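Raw contents of structure20.cif, mmCIF, C-alpha atoms:
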```cif
data_upload
#
loop_
_atom_site.label_atom_id
_atom_site.label_comp_id
_atom_site.auth_asym_id
_atom_site.auth_seq_id
_atom_site.Cartn_x
_atom_site.Cartn_y
_atom_site.Cartn_z
CA ILE A 1 -40.37 -79.41 -5.29
CA ASP A 2 -40.77 -76.39 -3.06
CA PRO A 3 -43.69 -74.04 -3.70
CA ALA A 4 -43.29 -71.13 -6.13
CA TRP A 5 -41.68 -68.10 -4.50
CA THR A 6 -43.01 -64.70 -5.47
CA ALA A 7 -41.56 -61.44 -4.26
CA PRO A 8 -44.73 -59.46 -3.43
CA ALA A 9 -43.00 -56.27 -4.55
CA PRO A 10 -39.52 -55.01 -5.29
CA SER A 11 -37.58 -53.99 -2.21
CA ARG A 12 -36.66 -50.85 -4.16
CA SER A 13 -37.55 -49.32 -7.52
CA ALA A 14 -36.24 -46.28 -9.36
CA TYR A 15 -36.33 -44.45 -12.65
CA SER A 16 -33.39 -43.16 -14.65
CA ASN A 17 -33.17 -40.86 -17.65
CA ASN A 18 -30.39 -39.40 -19.78
CA ALA A 19 -31.56 -35.78 -19.26
CA ASN A 20 -31.56 -35.94 -15.45
CA GLU A 21 -35.25 -34.98 -15.40
CA ASN A 22 -37.22 -35.12 -12.18
CA ASN A 23 -40.49 -36.94 -12.53
CA ASP A 24 -43.37 -38.25 -10.46
CA LEU A 25 -43.93 -41.91 -9.69
CA SER A 26 -47.44 -42.11 -11.09
CA HIS A 27 -46.07 -44.54 -13.70
CA MET A 28 -42.76 -46.22 -14.46
CA ARG A 29 -41.58 -44.84 -17.80
CA MET A 30 -39.56 -46.62 -20.48
CA GLY A 31 -38.09 -45.38 -23.76
CA ARG A 32 -37.90 -41.94 -25.36
CA SER A 33 -40.45 -39.49 -23.96
CA PRO A 34 -42.57 -37.95 -26.74
CA ASP A 35 -42.78 -34.77 -24.63
CA SER A 36 -39.17 -34.07 -23.66
CA GLY A 37 -37.09 -36.50 -25.72
CA ALA A 38 -35.42 -37.88 -22.58
CA VAL A 39 -34.74 -41.63 -22.58
CA TYR A 40 -36.07 -43.50 -19.54
CA ARG A 41 -35.29 -46.82 -17.88
CA PRO A 42 -37.18 -48.20 -14.84
CA LEU A 43 -35.28 -50.41 -12.39
CA PHE A 44 -36.53 -52.96 -9.86
CA GLU A 45 -34.54 -54.59 -7.06
CA PHE A 46 -35.78 -57.88 -5.57
CA PRO A 47 -34.60 -59.67 -2.39
CA VAL A 48 -33.33 -63.11 -3.41
CA GLY A 49 -31.21 -64.17 -0.43
CA GLY A 50 -33.68 -66.97 0.31
CA LEU A 51 -32.87 -68.62 -3.02
CA ALA A 52 -29.21 -69.20 -2.21
CA GLY A 53 -28.20 -72.79 -2.89
CA THR A 54 -31.42 -73.75 -4.65
CA ARG A 55 -31.98 -75.18 -8.11
CA ILE A 56 -34.01 -72.68 -10.15
CA LEU A 57 -36.60 -74.42 -12.30
CA SER A 58 -38.22 -71.30 -13.79
CA ALA A 59 -38.25 -67.54 -13.30
CA THR A 60 -40.63 -64.90 -14.67
CA PHE A 61 -40.71 -61.12 -14.35
CA SER A 62 -44.12 -59.53 -14.88
CA ILE A 63 -45.43 -55.97 -14.97
CA GLN A 64 -48.65 -54.30 -16.12
CA LEU A 65 -48.52 -51.98 -19.12
CA TYR A 66 -50.69 -48.87 -18.80
CA HIS A 67 -49.90 -46.93 -21.98
CA SER A 68 -47.85 -47.23 -25.15
CA TRP A 69 -47.14 -44.46 -27.67
CA SER A 70 -47.71 -46.89 -30.51
CA CYS A 71 -51.10 -48.36 -31.41
CA GLY A 72 -49.43 -51.62 -32.43
CA ASN A 73 -47.21 -53.94 -30.44
CA THR A 74 -43.68 -52.66 -29.84
CA PRO A 75 -40.86 -54.26 -27.87
CA ALA A 76 -39.65 -53.90 -24.33
CA THR A 77 -36.48 -55.65 -23.24
CA LEU A 78 -35.54 -56.96 -19.81
CA TRP A 79 -31.97 -56.72 -18.57
CA ARG A 80 -30.09 -57.51 -15.41
CA ALA A 81 -28.89 -54.16 -14.12
CA HIS A 82 -25.86 -53.34 -11.99
CA GLY A 83 -28.08 -52.19 -9.13
CA ILE A 84 -29.83 -49.10 -7.80
CA ALA A 85 -27.61 -46.35 -6.44
CA SER A 86 -30.38 -44.00 -5.32
CA THR A 87 -34.16 -43.67 -5.31
CA PRO A 88 -36.49 -42.53 -6.69
CA LYS A 89 -34.13 -41.23 -9.41
CA ASN A 90 -31.12 -43.35 -10.23
CA PRO A 91 -28.13 -41.67 -11.94
CA TRP A 92 -28.00 -42.44 -15.66
CA ALA A 93 -24.34 -43.39 -15.35
CA SER A 94 -25.36 -46.07 -12.81
CA SER A 95 -28.15 -47.51 -14.96
CA GLY A 96 -26.08 -49.70 -17.25
CA PHE A 97 -26.88 -53.31 -18.07
CA ALA A 98 -25.02 -56.46 -17.04
CA ALA A 99 -26.90 -59.08 -19.08
CA TYR A 100 -29.70 -59.26 -21.65
CA LEU A 101 -32.62 -61.42 -20.48
CA ASP A 102 -35.69 -61.25 -22.74
CA THR A 103 -37.85 -59.24 -25.17
CA GLN A 104 -41.65 -59.03 -25.17
CA TRP A 105 -44.09 -57.01 -27.28
CA ALA A 106 -47.32 -55.24 -26.30
CA ALA A 107 -49.51 -52.16 -26.85
CA ALA A 108 -51.98 -50.21 -24.71
CA ASN A 109 -52.46 -46.79 -26.30
CA LYS A 110 -54.54 -44.32 -24.29
CA ASP A 111 -54.56 -41.50 -26.87
CA ALA A 112 -55.27 -41.61 -30.62
CA CYS A 113 -56.29 -45.25 -30.71
CA PHE A 114 -57.59 -45.56 -27.16
CA THR A 115 -57.93 -48.98 -25.58
CA PRO A 116 -58.92 -49.72 -21.98
CA ALA A 117 -56.63 -52.76 -22.04
CA GLN A 118 -53.79 -52.83 -19.54
CA PRO A 119 -52.07 -56.12 -20.31
CA PHE A 120 -49.45 -57.77 -18.16
CA MET A 121 -46.13 -58.40 -19.86
CA TYR A 122 -44.32 -61.59 -18.86
CA PHE A 123 -40.57 -61.89 -19.37
CA GLY A 124 -38.66 -65.16 -19.25
CA GLY A 125 -35.97 -65.95 -21.81
CA ASN A 126 -32.58 -66.04 -20.10
CA LEU A 127 -34.05 -65.03 -16.74
CA THR A 128 -34.14 -68.55 -15.28
CA GLY A 129 -30.46 -69.15 -15.93
CA ASP A 130 -29.53 -65.72 -14.64
CA VAL A 131 -31.47 -66.13 -11.39
CA GLN A 132 -29.68 -69.48 -11.03
CA PHE A 133 -26.41 -67.56 -11.36
CA ALA A 134 -27.54 -65.28 -8.55
CA ALA A 135 -28.65 -68.22 -6.37
CA ASN A 136 -25.32 -69.97 -6.91
CA GLY A 137 -23.53 -66.81 -5.83
CA GLY A 138 -25.68 -66.35 -2.74
CA TRP A 139 -26.75 -62.86 -3.81
CA SER A 140 -28.94 -60.94 -1.39
CA SER A 141 -30.58 -58.85 -4.13
CA TYR A 142 -31.23 -59.02 -7.86
CA THR A 143 -31.94 -55.94 -10.00
CA VAL A 144 -33.62 -55.83 -13.40
CA ALA A 145 -34.33 -52.93 -15.73
CA LEU A 146 -36.70 -52.40 -18.64
CA SER A 147 -35.48 -50.69 -21.78
CA ALA A 148 -36.61 -49.80 -25.30
CA MET A 149 -33.18 -50.95 -26.46
CA SER A 150 -33.11 -54.13 -28.52
CA SER A 151 -30.81 -56.97 -27.58
CA SER A 152 -28.32 -55.65 -30.17
CA GLY A 153 -28.22 -52.25 -28.46
CA ALA A 154 -30.32 -50.32 -31.01
CA GLY A 155 -33.69 -48.55 -30.86
CA GLU A 156 -33.71 -47.01 -27.38
CA SER A 157 -34.19 -43.50 -28.80
CA THR A 158 -37.13 -44.61 -30.98
CA THR A 159 -40.24 -42.79 -29.75
CA ASP A 160 -42.70 -45.45 -30.90
CA ARG A 161 -41.36 -47.77 -28.16
CA TRP A 162 -42.35 -45.35 -25.36
CA LYS A 163 -44.32 -47.06 -22.60
CA ARG A 164 -45.68 -46.31 -19.14
CA PHE A 165 -46.18 -49.12 -16.63
CA ASN A 166 -48.41 -49.18 -13.55
CA VAL A 167 -46.47 -48.79 -10.34
CA ASN A 168 -46.56 -51.61 -7.77
CA THR A 169 -47.31 -54.26 -10.40
CA ALA A 170 -43.78 -55.64 -10.86
CA HIS A 171 -43.24 -59.21 -9.63
CA LEU A 172 -40.50 -61.79 -9.82
CA THR A 173 -41.89 -65.33 -9.64
CA VAL A 174 -39.49 -68.23 -9.17
CA GLN A 175 -40.13 -71.98 -9.11
CA TYR A 176 -37.26 -73.68 -7.30
CA ASN A 177 -36.17 -76.85 -5.58
CA ARG A 178 -34.01 -77.09 -2.49
CA ALA A 179 -32.12 -80.36 -2.05
CA PRO A 180 -32.73 -82.07 1.31
CA ARG A 181 -29.96 -81.68 3.85
CA THR A 182 -27.63 -84.56 4.70
CA PRO A 183 -29.13 -86.63 7.52
CA THR A 184 -27.39 -86.70 10.87
CA SER A 185 -25.81 -89.87 12.26
CA ALA A 186 -28.80 -90.39 14.54
CA GLU A 187 -31.17 -90.12 11.60
CA LYS A 188 -29.15 -92.69 9.66
CA MET A 189 -29.23 -95.20 12.54
CA VAL A 190 -30.43 -98.61 11.48
CA GLU A 191 -31.89 -100.93 14.09
CA SER A 192 -30.50 -104.47 13.87
CA PHE A 193 -31.54 -107.74 15.44
CA PRO A 194 -29.67 -111.04 15.64
CA CYS A 195 -30.83 -113.72 13.22
CA ASN A 196 -29.90 -116.73 15.41
CA GLY A 197 -30.03 -118.85 12.30
CA ALA A 198 -33.75 -118.32 11.87
CA PRO A 199 -35.16 -117.02 8.57
CA ILE A 200 -36.09 -113.32 8.38
CA PHE A 201 -39.63 -112.39 7.37
CA VAL A 202 -40.66 -108.93 6.18
CA ASN A 203 -44.12 -107.37 6.54
CA THR A 204 -45.15 -109.72 9.31
CA ALA A 205 -45.80 -108.73 12.90
CA ASN A 206 -42.82 -106.81 14.24
CA GLY A 207 -41.31 -106.82 10.76
CA LEU A 208 -39.37 -104.14 8.86
CA THR A 209 -39.71 -100.55 10.05
CA GLN A 210 -38.68 -97.71 7.74
CA ARG A 211 -38.24 -94.17 9.04
CA ALA A 212 -37.63 -90.91 7.17
CA SER A 213 -36.86 -87.44 8.40
CA LEU A 214 -38.14 -84.57 6.22
CA SER A 215 -36.03 -81.46 5.76
#
```
What is this structure when it is put down as structure tokens?
Amino acid sequence: IDPAWTAPAPSRSAYSNNANENNDLSHMRMGRSPDSGAVYRPLFEFPVGGLAGTRILSATFSIQLYHSWSCGNTPATLWRAHGIASTPKNPWASSGFAAYLDTQWAAANKDACFTPAQPFMYFGGNLTGDVQFAANGGWSSYTVALSAMSSSGAGESTTDRWKRFNVNTAHLTVQYNRAPRTPTSAEKMVESFPCNGAPIFVNTANGLTQRASLS
């Protein structure tokens, strides 16, 4: 098994909202803003060309939650997105979803019910199978988006799901295995010696020699 591969950071990230608001990148926003009412989705693009042809054993997307509007746990959903058209603001029309991946719940309110906690949220679910799909297709990049929308498509305009995530904390961690390559003819060469009618002994002086070539 090859070692776990972790993209240290997305190659690109962007935010998108249905009101075409301009915003800073102090945090990555998700859900309906309690201030403006605009609905936000953050997007993250990861380089995955090195996973082409591998068997994906597990995949996890993680990100650190800074603030939630709600004092109690509310959901965030992970989706495979169609890609990022522009940064730092991606057009809302280009921020659609291609596949639902997972839902996780968390809270980290910094207002009425203040908590210093900034928990990491870890998403799995259908992610392993979907990264396998990307590896099978030899994709060079893989884009995910966070949304307040449930897997059924409801709830994205619900203010109590509003969240802000710390920038530069998004990671895609993949455990994979790459099958060894087919050995060359030279590597498959077997040394042979005439028997001359004499019995063959193994594990004696000048006995059996086994060679392997790692790849």
Ala107 (chain A) surroundings by all atoms listed in the file, 6 Å radius, close-in-sequence under 5 positions cut, as a PyMOL selection string: chain A and resi 68+72-73
Proximity to Arg12 (chain A) - best of A:Tyr142, A:Phe97, A:Tyr122, A:Phe114, all atoms listed in the file: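 Among A:Tyr142, A:Phe97, A:Tyr122, A:Phe114, it is A:Tyr142 that comes nearest to Arg12 (chain A).
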Report as a list in words the residues that result from applying the PyMOL selection byres ((chain A and resi 103) around 7) to the structure here.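 This file, filtered by the PyMOL selection byres ((chain A and resi 103) around 7), leaves Pro75, Ala76, Thr77, Leu78, Asp102, Gln104, Trp105 and Phe123 of chain A.
Shell of region 33-36 of chain A at 9 Å, with only C-alpha atoms counted and residues fewer than 6 places along the chain excluded, is Ala19, Trp69, Ser157, Thr159, Asp160, Trp162 and Lys163 of chain A.
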Nearest residue to Ala81 (chain A) from the set A:Ile56, A:Leu25, A:Ala145, A:Ala154 (distances using only C-alpha atoms): A:Ala145
For the structure provided, state which residues fall under the PyMOL selection byres ((chain A and resi 108) around 8), and present them as a ChimeraX atom specification. /A:65-68,70-71,106-107,109-110,114-119
Pick from A:Phe120, A:Trp92, A:Phe61, A:Phe165: nearest to Val144 (chain A), with all atoms listed in the file counted?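 Answer, going by the shortest atom-to-atom distance: A:Phe61.
Note that CA of Pro47 (chain A) and CA of Thr87 (chain A) are 16.3 Å apart.
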Straight-line distance linking CA of Leu127 (chain A) with CA of Ala179 (chain A), stated in Å to one decimal: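 If I compute the distance from CA of Leu127 (chain A) to CA of Ala179 (chain A), I get 21.3 Å.
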Have a look at CA of Pro42 (chain A) and CA of Ser58 (chain A) and let me know their distance in Å, one decimal. 23.1 Å
Please evaluate the PyMOL selection byres ((chain A and resi 139) around 10) against the structure above and give the resulting residues as an MDAnalysis selection string. chainID A and resid 47:52 131 133:138 140:142
Closest of A:Ala170, A:Ala38, A:Met149, A:Leu43 to Asn90 (chain A), counting all atoms listed in the file, is A:Leu43
Which residues, written as a list in words, have at least one atom at most 7 Å from region 166-168 of chain A, with only C-alpha atoms counted and residues fewer than 4 positions away on the same chain left out?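 Selected residues are Ala9, Ser26, His27, Met28, Gln64, Leu65 and Tyr66 of chain A.
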Counting only C-alpha atoms, what is within 10 Å of Thr60 (chain A), bar same-chain residues fewer than 2 positions away, as a tab-separated table (two decimals) with C-alpha atoms, keeping the file's coordinate frame?
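around18.tsv, written as the output of this step:
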```tsv
chain	number	residue	atom	x	y	z
A	6	THR	CA	-43.01	-64.70	-5.47
A	58	SER	CA	-38.22	-71.30	-13.79
A	62	SER	CA	-44.12	-59.53	-14.88
A	121	MET	CA	-46.13	-58.40	-19.86
A	122	TYR	CA	-44.32	-61.59	-18.86
A	123	PHE	CA	-40.57	-61.89	-19.37
A	124	GLY	CA	-38.66	-65.16	-19.25
A	125	GLY	CA	-35.97	-65.95	-21.81
A	126	ASN	CA	-32.58	-66.04	-20.10
A	127	LEU	CA	-34.05	-65.03	-16.74
A	128	THR	CA	-34.14	-68.55	-15.28
A	131	VAL	CA	-31.47	-66.13	-11.39
A	171	HIS	CA	-43.24	-59.21	-9.63
A	172	LEU	CA	-40.50	-61.79	-9.82
A	173	THR	CA	-41.89	-65.33	-9.64
A	174	VAL	CA	-39.49	-68.23	-9.17
A	175	GLN	CA	-40.13	-71.98	-9.11
```
With all atoms listed in the file counted, which protein, DNA or RNA residues have an atom no more than 6 Å from (-40.0, -50.9, -20.2) in the file frame? Please answer as number ranges by chain. A: 30, 76, 146-147
Restricting it to C-alpha atoms, dump the selection as a PDB file, in the frame of the given file.
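After the write, again.pdb holds the following:
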```pdb
ATOM      1  CA  MET A  30     -39.560 -46.620 -20.480  1.00  0.00           C
ATOM      2  CA  ALA A  76     -39.650 -53.900 -24.330  1.00  0.00           C
ATOM      3  CA  LEU A 146     -36.700 -52.400 -18.640  1.00  0.00           C
ATOM      4  CA  SER A 147     -35.480 -50.690 -21.780  1.00  0.00           C
TER       5      SER A 147
END
```
Can you list, as a PyMOL selection string, every protein, DNA or RNA residue that comes within 6 Å of Ala148 (chain A) when you count all atoms listed in the file, leaving out same-chain residues fewer than 3 positions away? chain A and resi 31+76+156+161
I need the chosen residues saved as a JSON list (two decimals), in the frame of the given file, with C-alpha atoms.
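The new file again.json reads:
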```
[["chain", "number", "residue", "atom", "x", "y", "z"],
["A", 31, "GLY", "CA", -38.09, -45.38, -23.76],
["A", 76, "ALA", "CA", -39.65, -53.90, -24.33],
["A", 156, "GLU", "CA", -33.71, -47.01, -27.38],
["A", 161, "ARG", "CA", -41.36, -47.77, -28.16]]
```
